[in-house]
Structures are given as structure tokens and as C-alpha cells.
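Enquirer: Next comes target.csv, CSV, C-alpha atoms:
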```
chain,number,residue,atom,x,y,z
A,1,MET,CA,9.6,256.6,92.9
A,2,MET,CA,7.0,257.7,95.5
A,3,PHE,CA,4.7,258.5,92.5
A,4,TRP,CA,4.9,255.0,91.0
A,5,ALA,CA,4.5,253.3,94.4
A,6,THR,CA,1.4,255.4,95.1
A,7,VAL,CA,-0.2,254.8,91.7
A,8,VAL,CA,0.5,251.0,91.7
A,9,ALA,CA,-0.8,250.6,95.3
A,10,SER,CA,-3.8,252.7,94.5
A,11,GLY,CA,-4.5,250.7,91.3
A,12,ILE,CA,-4.2,247.3,93.1
A,13,ALA,CA,-6.5,248.5,96.0
A,14,THR,CA,-9.1,249.8,93.5
A,15,TYR,CA,-9.0,246.6,91.5
A,16,LEU,CA,-9.3,244.4,94.5
A,17,MET,CA,-12.4,246.3,95.7
A,18,ARG,CA,-14.0,246.0,92.2
A,19,SER,CA,-13.1,242.3,91.7
A,20,LEU,CA,-13.4,240.6,95.1
A,21,PRO,CA,-17.2,240.5,95.2
A,22,LEU,CA,-17.3,239.4,91.6
A,23,ALA,CA,-14.7,236.7,92.1
A,24,LEU,CA,-16.2,235.3,95.2
A,25,THR,CA,-19.6,233.8,95.9
A,26,LEU,CA,-20.4,234.9,99.4
A,27,ARG,CA,-23.1,233.5,101.6
A,28,GLY,CA,-25.1,235.5,104.2
A,29,THR,CA,-25.7,239.3,104.6
A,30,ALA,CA,-24.0,242.2,106.3
A,31,PRO,CA,-25.5,243.5,109.5
A,32,PRO,CA,-28.1,246.3,108.9
A,33,TRP,CA,-26.0,249.1,110.4
A,34,LEU,CA,-23.1,248.3,108.1
A,35,ARG,CA,-25.3,248.2,105.0
A,36,ARG,CA,-26.8,251.5,106.0
A,37,TYR,CA,-23.4,253.1,106.5
A,38,LEU,CA,-22.0,251.7,103.2
A,39,ASP,CA,-25.1,252.7,101.4
A,40,ALA,CA,-24.7,256.3,102.5
A,41,LEU,CA,-20.9,256.3,101.9
A,42,PRO,CA,-20.8,257.1,98.1
A,43,ILE,CA,-23.0,260.2,98.2
A,44,ALA,CA,-21.1,261.5,101.3
A,45,ILE,CA,-17.7,261.0,99.7
A,46,ILE,CA,-18.7,262.6,96.4
A,47,ALA,CA,-20.4,265.5,98.3
A,48,ALA,CA,-17.2,266.0,100.3
A,49,LEU,CA,-15.3,266.2,97.1
A,50,ALA,CA,-17.7,268.8,95.8
A,51,GLY,CA,-17.5,270.8,99.0
A,52,ALA,CA,-13.7,270.7,99.1
A,53,GLY,CA,-13.5,271.8,95.4
A,54,VAL,CA,-15.9,274.7,95.9
A,55,ALA,CA,-14.1,275.9,99.1
A,56,VAL,CA,-10.5,275.8,97.8
A,57,GLN,CA,-9.2,275.8,94.2
A,58,ASP,CA,-5.5,275.6,93.6
A,59,GLY,CA,-4.7,276.2,97.2
A,60,GLN,CA,-6.6,279.4,97.4
A,61,PRO,CA,-9.9,280.0,99.1
A,62,THR,CA,-12.5,280.6,96.3
A,63,GLY,CA,-14.5,283.7,95.7
A,64,GLY,CA,-18.1,284.0,94.7
A,65,ALA,CA,-17.6,282.5,91.2
A,66,GLU,CA,-17.2,278.9,92.3
A,67,ILE,CA,-20.1,279.1,94.8
A,68,GLY,CA,-22.4,280.7,92.2
A,69,ALA,CA,-21.4,278.1,89.5
A,70,ALA,CA,-21.9,275.2,92.0
A,71,LEU,CA,-25.5,276.5,92.7
A,72,ALA,CA,-26.1,276.6,88.9
A,73,VAL,CA,-24.9,273.0,88.7
A,74,VAL,CA,-27.2,271.9,91.5
A,75,ALA,CA,-30.1,273.7,89.9
A,76,ALA,CA,-29.4,272.2,86.4
A,77,ALA,CA,-28.9,268.7,87.8
A,78,ALA,CA,-32.1,268.9,89.8
A,79,TRP,CA,-34.0,270.2,86.8
A,80,ARG,CA,-32.9,267.8,84.1
A,81,ARG,CA,-31.0,265.0,85.9
A,82,ASN,CA,-28.5,265.2,83.0
A,83,LEU,CA,-24.8,265.1,83.9
A,84,LEU,CA,-23.4,266.5,80.7
A,85,LEU,CA,-25.8,269.4,80.7
A,86,ALA,CA,-25.1,270.3,84.4
A,87,VAL,CA,-21.4,270.1,84.0
A,88,THR,CA,-21.4,272.2,80.8
A,89,LEU,CA,-23.5,274.9,82.4
A,90,GLY,CA,-21.2,274.9,85.5
A,91,VAL,CA,-18.1,275.4,83.4
A,92,ILE,CA,-19.7,278.2,81.4
A,93,ALA,CA,-21.1,279.8,84.6
A,94,VAL,CA,-17.7,279.7,86.4
A,95,ALA,CA,-15.9,281.2,83.4
A,96,ALA,CA,-18.6,284.0,83.0
A,97,LEU,CA,-18.6,284.8,86.7
A,98,ARG,CA,-14.7,285.0,86.8
A,99,ALA,CA,-14.8,287.2,83.7
A,100,VAL,CA,-17.0,289.7,85.5
A,101,GLY,CA,-14.6,289.6,88.5
A,102,LEU,CA,-16.3,287.5,91.1
B,1,MET,CA,-31.7,246.5,68.8
B,2,THR,CA,-28.7,244.4,69.8
B,3,PRO,CA,-27.4,244.9,73.4
B,4,GLY,CA,-24.1,246.4,72.0
B,5,ARG,CA,-26.0,249.0,69.9
B,6,ALA,CA,-28.2,249.9,72.9
B,7,ALA,CA,-25.1,250.5,75.1
B,8,ILE,CA,-23.8,252.9,72.5
B,9,ILE,CA,-27.0,254.8,71.9
B,10,GLU,CA,-27.9,255.1,75.6
B,11,GLY,CA,-24.4,255.7,76.7
B,12,TRP,CA,-23.0,258.3,74.4
B,13,PRO,CA,-23.7,261.3,76.6
B,14,VAL,CA,-21.8,259.5,79.4
B,15,PHE,CA,-18.9,258.8,77.0
B,16,VAL,CA,-18.7,262.5,76.0
B,17,THR,CA,-18.7,263.5,79.6
B,18,ALA,CA,-15.9,260.9,80.3
B,19,LEU,CA,-13.9,262.2,77.4
B,20,VAL,CA,-14.3,265.9,78.5
B,21,VAL,CA,-13.5,265.1,82.2
B,22,GLY,CA,-10.7,262.8,81.1
B,23,THR,CA,-9.2,265.7,79.2
B,24,ALA,CA,-9.6,267.9,82.3
B,25,PHE,CA,-7.8,265.2,84.3
B,26,GLY,CA,-4.9,265.1,81.8
B,27,LEU,CA,-4.7,268.8,81.9
B,28,THR,CA,-4.9,269.1,85.7
B,29,ALA,CA,-2.3,266.3,86.1
B,30,ARG,CA,0.2,268.1,83.7
B,31,GLN,CA,-0.3,271.4,85.5
B,32,SER,CA,0.3,269.7,88.8
B,33,GLY,CA,3.7,268.6,87.5
B,34,LEU,CA,3.2,265.0,86.3
B,35,THR,CA,4.7,263.9,82.9
B,36,VAL,CA,2.6,262.6,80.0
B,37,VAL,CA,3.6,259.0,80.8
B,38,GLU,CA,2.8,259.4,84.5
B,39,THR,CA,-0.6,261.0,83.7
B,40,SER,CA,-1.7,258.3,81.2
B,41,ALA,CA,-0.3,255.6,83.5
B,42,THR,CA,-2.6,256.9,86.3
B,43,SER,CA,-5.7,256.6,84.1
B,44,LEU,CA,-4.6,253.1,82.9
B,45,ILE,CA,-3.7,251.6,86.3
B,46,VAL,CA,-6.1,253.3,88.6
B,47,PHE,CA,-9.0,254.0,86.2
B,48,ALA,CA,-11.2,255.7,88.8
B,49,GLY,CA,-12.2,259.3,87.9
B,50,ALA,CA,-12.8,261.1,91.2
B,51,SER,CA,-9.9,259.4,93.1
B,52,GLN,CA,-7.4,260.3,90.3
B,53,PHE,CA,-8.1,264.0,90.8
B,54,VAL,CA,-7.7,263.5,94.5
B,55,MET,CA,-4.5,261.6,94.0
B,56,VAL,CA,-3.0,264.4,91.9
B,57,ASP,CA,-4.1,267.0,94.3
B,58,LEU,CA,-2.6,265.1,97.3
B,59,LEU,CA,0.6,264.3,95.4
B,60,ARG,CA,1.0,268.0,94.7
B,61,THR,CA,0.5,269.0,98.3
B,62,GLY,CA,3.1,266.4,99.4
B,63,ALA,CA,0.8,264.1,101.3
B,64,PRO,CA,2.5,260.8,102.4
B,65,ALA,CA,1.8,257.7,100.1
B,66,PRO,CA,-0.1,255.7,102.7
B,67,LEU,CA,-2.6,258.5,103.2
B,68,ILE,CA,-3.1,258.8,99.5
B,69,VAL,CA,-3.8,255.1,99.1
B,70,LEU,CA,-6.1,255.2,102.2
B,71,THR,CA,-8.0,258.1,100.6
B,72,VAL,CA,-8.4,256.1,97.3
B,73,VAL,CA,-9.6,253.1,99.2
B,74,LEU,CA,-12.2,255.1,101.1
B,75,LEU,CA,-13.3,256.8,97.8
B,76,ASN,CA,-13.7,253.5,96.0
B,77,ALA,CA,-15.0,251.4,98.8
B,78,ARG,CA,-18.4,251.8,97.2
B,79,HIS,CA,-17.3,249.6,94.3
B,80,LEU,CA,-17.3,246.6,96.8
B,81,LEU,CA,-21.1,247.2,97.1
B,82,MET,CA,-21.6,247.7,93.4
B,83,ALA,CA,-19.7,244.6,92.5
B,84,ALA,CA,-21.7,242.6,95.1
B,85,ALA,CA,-24.9,244.1,93.7
B,86,ILE,CA,-24.3,242.9,90.1
B,87,ARG,CA,-22.8,239.6,91.1
B,88,PRO,CA,-26.2,237.7,90.8
B,89,PHE,CA,-26.5,238.9,87.2
B,90,VAL,CA,-23.0,237.8,86.3
B,91,GLY,CA,-22.8,234.1,85.7
B,92,ALA,CA,-19.7,234.2,83.5
B,93,SER,CA,-16.4,232.4,83.9
B,94,LEU,CA,-14.0,233.7,86.5
B,95,ALA,CA,-11.7,235.2,83.8
B,96,ARG,CA,-14.6,237.1,82.3
B,97,ARG,CA,-15.7,238.3,85.7
B,98,LEU,CA,-12.2,239.6,86.5
B,99,GLY,CA,-12.2,241.4,83.2
B,100,LEU,CA,-15.6,243.0,83.9
B,101,ALA,CA,-14.4,244.1,87.3
B,102,TYR,CA,-11.7,246.3,85.7
B,103,VAL,CA,-14.3,248.4,83.8
B,104,LEU,CA,-16.7,248.6,86.7
B,105,THR,CA,-17.3,252.3,87.3
B,106,ASP,CA,-20.1,254.3,88.9
B,107,GLU,CA,-21.5,254.9,85.4
B,108,ALA,CA,-21.1,251.3,84.2
B,109,PHE,CA,-22.8,250.1,87.4
B,110,ALA,CA,-25.8,252.5,87.0
B,111,MET,CA,-26.2,251.7,83.3
B,112,GLY,CA,-25.7,248.0,83.7
B,113,VAL,CA,-28.2,247.7,86.5
B,114,GLY,CA,-30.7,249.7,84.4
B,115,TRP,CA,-30.2,247.1,81.6
B,116,PHE,CA,-30.6,244.0,83.9
B,117,ARG,CA,-33.7,245.5,85.5
B,118,ARG,CA,-35.3,245.6,82.1
B,119,GLY,CA,-35.1,241.8,82.1
B,120,HIS,CA,-32.0,241.3,80.1
B,121,ARG,CA,-29.5,238.7,81.1
B,122,ASP,CA,-26.7,239.2,78.6
B,123,LEU,CA,-23.3,240.8,79.6
B,124,THR,CA,-22.7,242.4,76.2
B,125,TYR,CA,-24.4,245.7,77.2
B,126,PHE,CA,-22.2,246.0,80.4
B,127,THR,CA,-19.1,244.9,78.5
B,128,VAL,CA,-19.6,247.3,75.6
B,129,PHE,CA,-20.5,250.3,77.8
B,130,GLY,CA,-17.6,249.6,80.3
B,131,SER,CA,-15.1,249.2,77.5
B,132,LEU,CA,-16.2,252.4,75.7
B,133,MET,CA,-16.1,254.3,79.0
B,134,TRP,CA,-12.5,253.1,79.4
B,135,CYS,CA,-11.6,254.2,75.9
B,136,ALA,CA,-13.2,257.6,76.4
B,137,TRP,CA,-11.5,258.2,79.7
B,138,ASN,CA,-8.0,257.1,78.5
B,139,ALA,CA,-8.3,259.0,75.2
B,140,GLY,CA,-9.4,262.1,77.0
B,141,THR,CA,-6.5,261.8,79.5
B,142,LEU,CA,-4.0,261.4,76.7
B,143,MET,CA,-5.4,264.5,74.8
B,144,GLY,CA,-5.4,266.6,78.0
B,145,ALA,CA,-1.9,265.4,78.9
B,146,VAL,CA,-0.4,266.1,75.5
B,147,PHE,CA,-2.0,269.5,74.9
B,148,GLY,CA,-2.5,270.4,78.5
B,149,ALA,CA,0.9,272.0,79.1
B,150,ASP,CA,0.2,274.4,76.2
B,151,VAL,CA,-3.1,275.7,77.7
B,152,GLN,CA,-2.3,279.0,79.3
B,153,ASP,CA,-4.4,280.1,82.3
B,154,PRO,CA,-7.0,277.2,82.2
B,155,GLN,CA,-9.0,279.0,84.9
B,156,ARG,CA,-10.1,281.5,82.3
B,157,TYR,CA,-12.1,278.8,80.6
B,158,GLY,CA,-13.5,277.3,83.8
B,159,ILE,CA,-12.0,273.9,82.9
B,160,ASP,CA,-10.5,273.5,86.4
B,161,PHE,CA,-14.1,273.6,87.7
B,162,ALA,CA,-15.4,270.7,85.5
B,163,ILE,CA,-14.6,268.0,88.1
B,164,THR,CA,-16.2,269.9,91.0
B,165,ALA,CA,-19.2,270.3,88.7
B,166,VAL,CA,-19.3,266.6,88.0
B,167,PHE,CA,-19.2,265.8,91.7
B,168,ALA,CA,-22.0,268.2,92.5
B,169,ALA,CA,-24.2,267.0,89.7
B,170,ILE,CA,-23.6,263.3,90.6
B,171,VAL,CA,-24.7,264.0,94.2
B,172,VAL,CA,-27.9,265.9,93.1
B,173,ILE,CA,-28.8,263.1,90.6
B,174,GLY,CA,-27.9,260.4,93.1
B,175,VAL,CA,-29.8,261.6,96.1
B,176,ARG,CA,-32.8,259.3,96.6
B,177,HIS,CA,-34.3,260.5,99.9
B,178,ARG,CA,-34.1,263.1,102.6
B,179,ALA,CA,-31.4,261.2,104.6
B,180,ASP,CA,-29.1,261.2,101.6
B,181,ALA,CA,-29.7,265.0,101.1
B,182,VAL,CA,-28.9,265.7,104.8
B,183,ILE,CA,-25.7,263.5,104.7
B,184,ALA,CA,-24.6,265.2,101.4
B,185,VAL,CA,-25.0,268.7,102.8
B,186,VAL,CA,-23.2,267.8,106.0
B,187,ALA,CA,-20.3,266.3,104.0
B,188,VAL,CA,-20.1,269.4,101.8
B,189,LEU,CA,-19.9,271.7,104.9
B,190,VAL,CA,-17.4,269.5,106.8
B,191,ALA,CA,-15.1,269.1,103.8
B,192,ALA,CA,-15.3,272.8,102.9
B,193,GLY,CA,-14.6,273.8,106.5
B,194,LEU,CA,-11.6,271.4,106.9
B,195,ARG,CA,-10.2,272.6,103.5
B,196,LEU,CA,-10.5,276.3,104.6
B,197,ALA,CA,-8.9,275.4,108.0
B,198,GLY,CA,-5.9,274.1,106.1
B,199,ALA,CA,-6.5,270.3,106.6
B,200,SER,CA,-6.5,269.7,102.8
B,201,ALA,CA,-5.1,266.2,102.8
B,202,VAL,CA,-7.7,264.7,105.2
B,203,ALA,CA,-10.7,266.9,104.4
B,204,VAL,CA,-12.4,264.5,101.9
B,205,VAL,CA,-11.7,261.3,103.9
B,206,VAL,CA,-12.8,262.7,107.2
B,207,ALA,CA,-16.0,264.4,105.8
B,208,GLY,CA,-16.8,261.3,103.6
B,209,ALA,CA,-16.3,258.8,106.5
B,210,LEU,CA,-18.1,260.8,109.2
B,211,ALA,CA,-21.2,262.1,107.4
B,212,PRO,CA,-22.7,258.6,106.8
B,213,VAL,CA,-22.7,258.1,110.6
B,214,LEU,CA,-25.8,260.3,110.4
B,215,SER,CA,-27.6,257.5,108.6
B,216,PHE,CA,-28.0,255.8,112.0
B,217,ALA,CA,-29.9,258.8,113.4
B,218,LEU,CA,-31.8,259.4,110.1
B,219,GLY,CA,-32.6,255.7,109.6
B,220,GLU,CA,-36.3,256.0,110.3
B,221,SER,CA,-36.9,258.3,107.4
B,222,ARG,CA,-35.5,255.8,104.9
B,223,GLU,CA,-37.6,253.5,102.9
```
Translate this structure into C-alpha cells?

Expert:
Amino acid sequence: MMFWATVVASGIATYLMRSLPLALTLRGTAPPWLRRYLDALPIAIIAALAGAGVAVQDGQPTGGAEIGAALAVVAAAAWRRNLLLAVTLGVIAVAALRAVGL
Amino acid sequence: MTPGRAAIIEGWPVFVTALVVGTAFGLTARQSGLTVVETSATSLIVFAGASQFVMVDLLRTGAPAPLIVLTVVLLNARHLLMAAAIRPFVGASLARRLGLAYVLTDEAFAMGVGWFRRGHRDLTYFTVFGSLMWCAWNAGTLMGAVFGADVQDPQRYGIDFAITAVFAAIVVIGVRHRADAVIAVVAVLVAAGLRLAGASAVAVVVAGALAPVLSFALGESRE
């Protein structure tokens, strides 16, 4: 019950945020400080997700494998700016590092 | 080349990624205790990659529903801006706009804006790309959900790391200037610190909402 309430409420909230600006025709602009904050928000949230994922996996603090693989992802993404390449390298790196016991 | 063909040719690496990450989501959700129906319903109803992983994670750790919804809202607040940004290009009927909103993702936004900036005014490119993203994500979810329970020890193959890798790569590819980089590093450290300190449920929300405050101090360095 709690699952379905959560999923439906999350779905409605997500859809409202996607659709309201497309449904409405707004006039005027947001104040500069708000635009600046909202502009920085996506990168901050995605970075926070990455940081949380590297620090703790499955409720356990991670070892060196996740940190090493994350650095490999960052290097690959900075090098080629290719999402699929960076993610593939990251998965291979974390599996390899775990296999050698990090 | 027709806009539809262009969307497929330019978009296929993104579709493959969505299929792979969708499979990882289906797998993760099953391993977290959701059924196949619940897993697929999450992808159909919410259809927002990153926040679905967070939802599953928070559900497993027993976080209260309002906190989960608040986290999803904060995670997807960026879509308000994206929808507002493409609004001038979308002169379609209200029904069509409401349909396009459903397939508005980070990837569709980025690819669609790229198409509009090349001087195109059709909505076919965005529609085809967004719809195929939706197919890839939901097909991946179903595959992962159906076969996920049979995968023993997914850690061995590093599949559990795929979504963290996606986040890290999106940040690196998305950083446009020094202020972005500083904010991203601070968000990583705050979230990691809160996670390690045991504040799992609020780590992402707090770090994600606090780090952009730095943009006020770093404002001068922006374009």
C-alpha cells in the first residue's frame, strides 16, 4: 500500500514538473538569484547521487574498488564525453578491482 | 535525412545506455524486494531514471513516503526549467504538449535542444527520440525485473555500479564552468559524508539542495 502511494505520488509530482511549463504560457522572468540556484541544481543533485553511491553500496561503506572505478569514469567522461563508453569502462573497472580484492 | 531518422541515428548510443541502465534498475529493484509488476509500474508511472534508483533505495531502508516523494520532487525540479526552456520551440496543441511532457528526460532535453539549435522547427525529432528512450527504458526494466532474481551475486559483474557510473559521467559531461565543478565536488563530499555518517535517507536531498547555494558566492566566475 505504502509502495503504491509512493509511486503514484512520485509519478504525479514528476509529471506536473515536466508538463506545467509546457502547458502554461508564462510572462516575465524569475529573479536572477533563483535562476542561478536552479541552474546549478541539476549538477549538484546528480553529483550528490554519485557521491552517495561511491561512499555506500548496499548499506556497507565501500572499499577502494568503487573509488578507483569512479575515478576511471571521471577520466573517461572528461576524455571522450561519451556516456556509454564511460559507464562501460566503470562497470568493467569495478568488477576487475573487486576481483583483485580491493 | 528525415527528422525521425536523424533522431534514431544520433540517439542510438543513448538508447543502448537507457536499455542497459533500465536493466540495472529492474535488477536492483527485484533484489531490493519489489515484484516484477511493482518494478515495471515504477518505470511506467515515474519514468525518471535517477529518482527511481533513489526511490528503491529509500523504500528498502524504510524511509517515510513523504520524504521519498520530496526527494523525487527535488531530484526532478530541473525538469521545470527544461520544460520552460523548450516551451518557445513547442507550438503544438495542448494535448500534444502534454504528451511530449511525459517523455521529457535529461537526454531528450539535451538532444532536442541540439536539434532546435540547428535551426529545425519540427517536433518529430524530439517525439521520436523521447518515445524510443521510453521504449528502451521500459524494455530494459522488464528484462532486468524478469531475469534479475536469477542473477546470483550481481556485485561480481559490477552491474550494481552502473548507475553510480552514469551519475558521475553525466556530471563530468555536464559541467560547463568552474562554478559547476566546485558545486559538484562539494555535493559529492557532503553526500558521501552524510551517507557514511548514517544519514542515508536525506544525504542526496541535503547535499543537492545545499551545494547550489555556493552559486551565489561563485557567481562572478560565471559567464

Enquirer: Please, which residues in range 141-194 of chain B fall within 6 Å of range 40-56 of chain A when counting all atoms listed in the file, and what is the closest atom pair and distance in Å to one decimal for each, ordered by chain then residue number, as a Markdown table?

Expert:
```
| residue | atom | partner | partner_atom | distance |
| --- | --- | --- | --- | --- |
| B:Thr164 | CA | A:Ala50 | CA | 5.1 |
| B:Phe167 | CA | A:Ala50 | CA | 5.3 |
| B:Ala168 | CA | A:Ala50 | CA | 5.5 |
| B:Val171 | CA | A:Ile43 | CA | 5.8 |
| B:Ala184 | CA | A:Ala44 | CA | 5.1 |
| B:Ala187 | CA | A:Ala48 | CA | 4.8 |
| B:Val188 | CA | A:Gly51 | CA | 4.1 |
| B:Ala191 | CA | A:Ala48 | CA | 5.1 |
| B:Ala192 | CA | A:Ala52 | CA | 4.6 |
```

Enquirer: Now that the selection is made, can you save its residues with C-alpha atoms as a PDB file, in the frame of the given file?

Expert:
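Printed below is result_23.pdb as written:
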```pdb
ATOM      1  CA  THR B 164     -16.200 269.900  91.000  1.00  0.00           C
ATOM      2  CA  PHE B 167     -19.200 265.800  91.700  1.00  0.00           C
ATOM      3  CA  ALA B 168     -22.000 268.200  92.500  1.00  0.00           C
ATOM      4  CA  VAL B 171     -24.700 264.000  94.200  1.00  0.00           C
ATOM      5  CA  ALA B 184     -24.600 265.200 101.400  1.00  0.00           C
ATOM      6  CA  ALA B 187     -20.300 266.300 104.000  1.00  0.00           C
ATOM      7  CA  VAL B 188     -20.100 269.400 101.800  1.00  0.00           C
ATOM      8  CA  ALA B 191     -15.100 269.100 103.800  1.00  0.00           C
ATOM      9  CA  ALA B 192     -15.300 272.800 102.900  1.00  0.00           C
TER      10      ALA B 192
END
```

Enquirer: Need to verify the contact set: Ala72 in chain A, 8 Å, all atoms listed in the file, exclusion of same-chain residues closer than 6 positions in sequence. Can you return it as a list in words?

Expert: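 Non-adjacent residues within range: Ala86, Leu89, Gly90 and Ala93 of chain A.
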
Enquirer: Residues of chain B that approach chain A to 7 Å or less, counting all atoms listed in the file: could you list each one with the shortest pair of atoms and its distance in Å to one decimal, rows by chain and increasing residue number, as JSON lines?

Expert:
```
{"residue": "B:Pro13", "atom": "CA", "partner": "A:Leu84", "partner_atom": "CA", "distance": 6.6}
{"residue": "B:Thr17", "atom": "CA", "partner": "A:Leu84", "partner_atom": "CA", "distance": 5.7}
{"residue": "B:Thr42", "atom": "CA", "partner": "A:Val7", "partner_atom": "CA", "distance": 6.3}
{"residue": "B:Ile45", "atom": "CA", "partner": "A:Gly11", "partner_atom": "CA", "distance": 5.1}
{"residue": "B:Val46", "atom": "CA", "partner": "A:Gly11", "partner_atom": "CA", "distance": 4.1}
{"residue": "B:Ala65", "atom": "CA", "partner": "A:Thr6", "partner_atom": "CA", "distance": 5.5}
{"residue": "B:Val69", "atom": "CA", "partner": "A:Ser10", "partner_atom": "CA", "distance": 5.2}
{"residue": "B:Val72", "atom": "CA", "partner": "A:Ser10", "partner_atom": "CA", "distance": 6.4}
{"residue": "B:Val73", "atom": "CA", "partner": "A:Ala13", "partner_atom": "CA", "distance": 6.4}
{"residue": "B:Leu75", "atom": "CA", "partner": "A:Ile45", "partner_atom": "CA", "distance": 6.4}
{"residue": "B:Asn76", "atom": "CA", "partner": "A:Thr14", "partner_atom": "CA", "distance": 6.4}
{"residue": "B:Ala77", "atom": "CA", "partner": "A:Met17", "partner_atom": "CA", "distance": 6.5}
{"residue": "B:Arg78", "atom": "CA", "partner": "A:Pro42", "partner_atom": "CA", "distance": 5.9}
{"residue": "B:His79", "atom": "CA", "partner": "A:Arg18", "partner_atom": "CA", "distance": 5.3}
{"residue": "B:Leu80", "atom": "CA", "partner": "A:Met17", "partner_atom": "CA", "distance": 5.0}
{"residue": "B:Ala83", "atom": "CA", "partner": "A:Pro21", "partner_atom": "CA", "distance": 5.5}
{"residue": "B:Ala84", "atom": "CA", "partner": "A:Pro21", "partner_atom": "CA", "distance": 5.0}
{"residue": "B:Arg87", "atom": "CA", "partner": "A:Leu22", "partner_atom": "CA", "distance": 5.5}
{"residue": "B:Leu94", "atom": "CA", "partner": "A:Ala23", "partner_atom": "CA", "distance": 6.4}
{"residue": "B:Arg97", "atom": "CA", "partner": "A:Leu22", "partner_atom": "CA", "distance": 6.2}
{"residue": "B:Leu98", "atom": "CA", "partner": "A:Ser19", "partner_atom": "CA", "distance": 5.9}
{"residue": "B:Ala101", "atom": "CA", "partner": "A:Ser19", "partner_atom": "CA", "distance": 4.9}
{"residue": "B:Tyr102", "atom": "CA", "partner": "A:Tyr15", "partner_atom": "CA", "distance": 6.4}
{"residue": "B:Leu104", "atom": "CA", "partner": "A:Arg18", "partner_atom": "CA", "distance": 6.7}
{"residue": "B:Arg156", "atom": "CA", "partner": "A:Ala95", "partner_atom": "CA", "distance": 5.9}
{"residue": "B:Tyr157", "atom": "CA", "partner": "A:Ala95", "partner_atom": "CA", "distance": 5.3}
{"residue": "B:Gly158", "atom": "CA", "partner": "A:Ala95", "partner_atom": "CA", "distance": 4.6}
{"residue": "B:Ile159", "atom": "CA", "partner": "A:Val91", "partner_atom": "CA", "distance": 6.3}
{"residue": "B:Phe161", "atom": "CA", "partner": "A:Val91", "partner_atom": "CA", "distance": 6.1}
{"residue": "B:Ala162", "atom": "CA", "partner": "A:Val91", "partner_atom": "CA", "distance": 5.8}
{"residue": "B:Thr164", "atom": "CA", "partner": "A:Ala50", "partner_atom": "CA", "distance": 5.1}
{"residue": "B:Ala165", "atom": "CA", "partner": "A:Val87", "partner_atom": "CA", "distance": 5.2}
{"residue": "B:Val166", "atom": "CA", "partner": "A:Val87", "partner_atom": "CA", "distance": 5.7}
{"residue": "B:Phe167", "atom": "CA", "partner": "A:Ala50", "partner_atom": "CA", "distance": 5.3}
{"residue": "B:Ala168", "atom": "CA", "partner": "A:Ala50", "partner_atom": "CA", "distance": 5.5}
{"residue": "B:Ala169", "atom": "CA", "partner": "A:Ala77", "partner_atom": "CA", "distance": 5.3}
{"residue": "B:Val171", "atom": "CA", "partner": "A:Ile43", "partner_atom": "CA", "distance": 5.8}
{"residue": "B:Val172", "atom": "CA", "partner": "A:Ala77", "partner_atom": "CA", "distance": 6.1}
{"residue": "B:Ile173", "atom": "CA", "partner": "A:Arg81", "partner_atom": "CA", "distance": 5.5}
{"residue": "B:Asp180", "atom": "CA", "partner": "A:Ala40", "partner_atom": "CA", "distance": 6.6}
{"residue": "B:Ile183", "atom": "CA", "partner": "A:Ala44", "partner_atom": "CA", "distance": 6.1}
{"residue": "B:Ala184", "atom": "CA", "partner": "A:Ala44", "partner_atom": "CA", "distance": 5.1}
{"residue": "B:Ala187", "atom": "CA", "partner": "A:Ala48", "partner_atom": "CA", "distance": 4.8}
{"residue": "B:Val188", "atom": "CA", "partner": "A:Gly51", "partner_atom": "CA", "distance": 4.1}
{"residue": "B:Leu189", "atom": "CA", "partner": "A:Gly51", "partner_atom": "CA", "distance": 6.4}
{"residue": "B:Ala191", "atom": "CA", "partner": "A:Ala48", "partner_atom": "CA", "distance": 5.1}
{"residue": "B:Ala192", "atom": "CA", "partner": "A:Ala52", "partner_atom": "CA", "distance": 4.6}
{"residue": "B:Arg195", "atom": "CA", "partner": "A:Ala52", "partner_atom": "CA", "distance": 5.9}
{"residue": "B:Leu196", "atom": "CA", "partner": "A:Ala55", "partner_atom": "CA", "distance": 6.6}
{"residue": "B:Val204", "atom": "CA", "partner": "A:Ala48", "partner_atom": "CA", "distance": 5.3}
{"residue": "B:Ala207", "atom": "CA", "partner": "A:Ala48", "partner_atom": "CA", "distance": 5.9}
{"residue": "B:Gly208", "atom": "CA", "partner": "A:Ile45", "partner_atom": "CA", "distance": 4.0}
{"residue": "B:Ala209", "atom": "CA", "partner": "A:Leu41", "partner_atom": "CA", "distance": 7.0}
{"residue": "B:Ala211", "atom": "CA", "partner": "A:Ala44", "partner_atom": "CA", "distance": 6.1}
{"residue": "B:Pro212", "atom": "CA", "partner": "A:Ala40", "partner_atom": "CA", "distance": 5.3}
{"residue": "B:Val213", "atom": "CA", "partner": "A:Tyr37", "partner_atom": "CA", "distance": 6.5}
{"residue": "B:Ser215", "atom": "CA", "partner": "A:Tyr37", "partner_atom": "CA", "distance": 6.4}
```

Enquirer: Using CA of Phe116 in chain B and CA of Phe15 in chain B as the two end points, give the distance in Å to one decimal.

Expert: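 So the answer is 20.1 Å.
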
Enquirer: Need to verify the contact set: Ala108 in chain B, 9 Å, all atoms listed in the file, exclusion of same-chain residues closer than 2 positions in sequence. Can you return it as a PDB file with C-alpha atoms, in the frame of the given file?

Expert:
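Just written: out.pdb:
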```
ATOM      1  CA  VAL B 103     -14.300 248.400  83.800  1.00  0.00           C
ATOM      2  CA  LEU B 104     -16.700 248.600  86.700  1.00  0.00           C
ATOM      3  CA  THR B 105     -17.300 252.300  87.300  1.00  0.00           C
ATOM      4  CA  ASP B 106     -20.100 254.300  88.900  1.00  0.00           C
ATOM      5  CA  ALA B 110     -25.800 252.500  87.000  1.00  0.00           C
ATOM      6  CA  MET B 111     -26.200 251.700  83.300  1.00  0.00           C
ATOM      7  CA  GLY B 112     -25.700 248.000  83.700  1.00  0.00           C
ATOM      8  CA  VAL B 113     -28.200 247.700  86.500  1.00  0.00           C
ATOM      9  CA  PHE B 126     -22.200 246.000  80.400  1.00  0.00           C
ATOM     10  CA  THR B 127     -19.100 244.900  78.500  1.00  0.00           C
ATOM     11  CA  PHE B 129     -20.500 250.300  77.800  1.00  0.00           C
ATOM     12  CA  GLY B 130     -17.600 249.600  80.300  1.00  0.00           C
ATOM     13  CA  MET B 133     -16.100 254.300  79.000  1.00  0.00           C
TER      14      MET B 133
END
```

Enquirer: Which distance in Å separates CA of Val16 in chain B and CA of Ile86 in chain B, to one decimal?

Expert: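 Atom-to-atom, CA of Val16 in chain B to CA of Ile86 in chain B, that is 24.8 Å.
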
Enquirer: I need every residue sitting at most 7 Å from the point (-2.8, 270.5, 89.6) (coordinates as in the file, all atoms listed in the file considered), written as a list in words.

Expert: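 Taken together, the residues in range are Thr28, Ala29, Gln31, Ser32, Val56, Asp57 and Arg60 of chain B.
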
Enquirer: Nearest residue to Trp115 in chain B out of B:Met82, B:Ala6, B:Ala18, B:Met1, using all atoms listed in the file?

Expert: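 Residue with the minimum atom-to-atom distance to Trp115 in chain B: B:Ala6.
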
Enquirer: Just to confirm, what's the straight-line distance from CA of Ala7 in chain B to CA of Gly144 in chain B in Å (one decimal)?

Expert: 25.6 Å
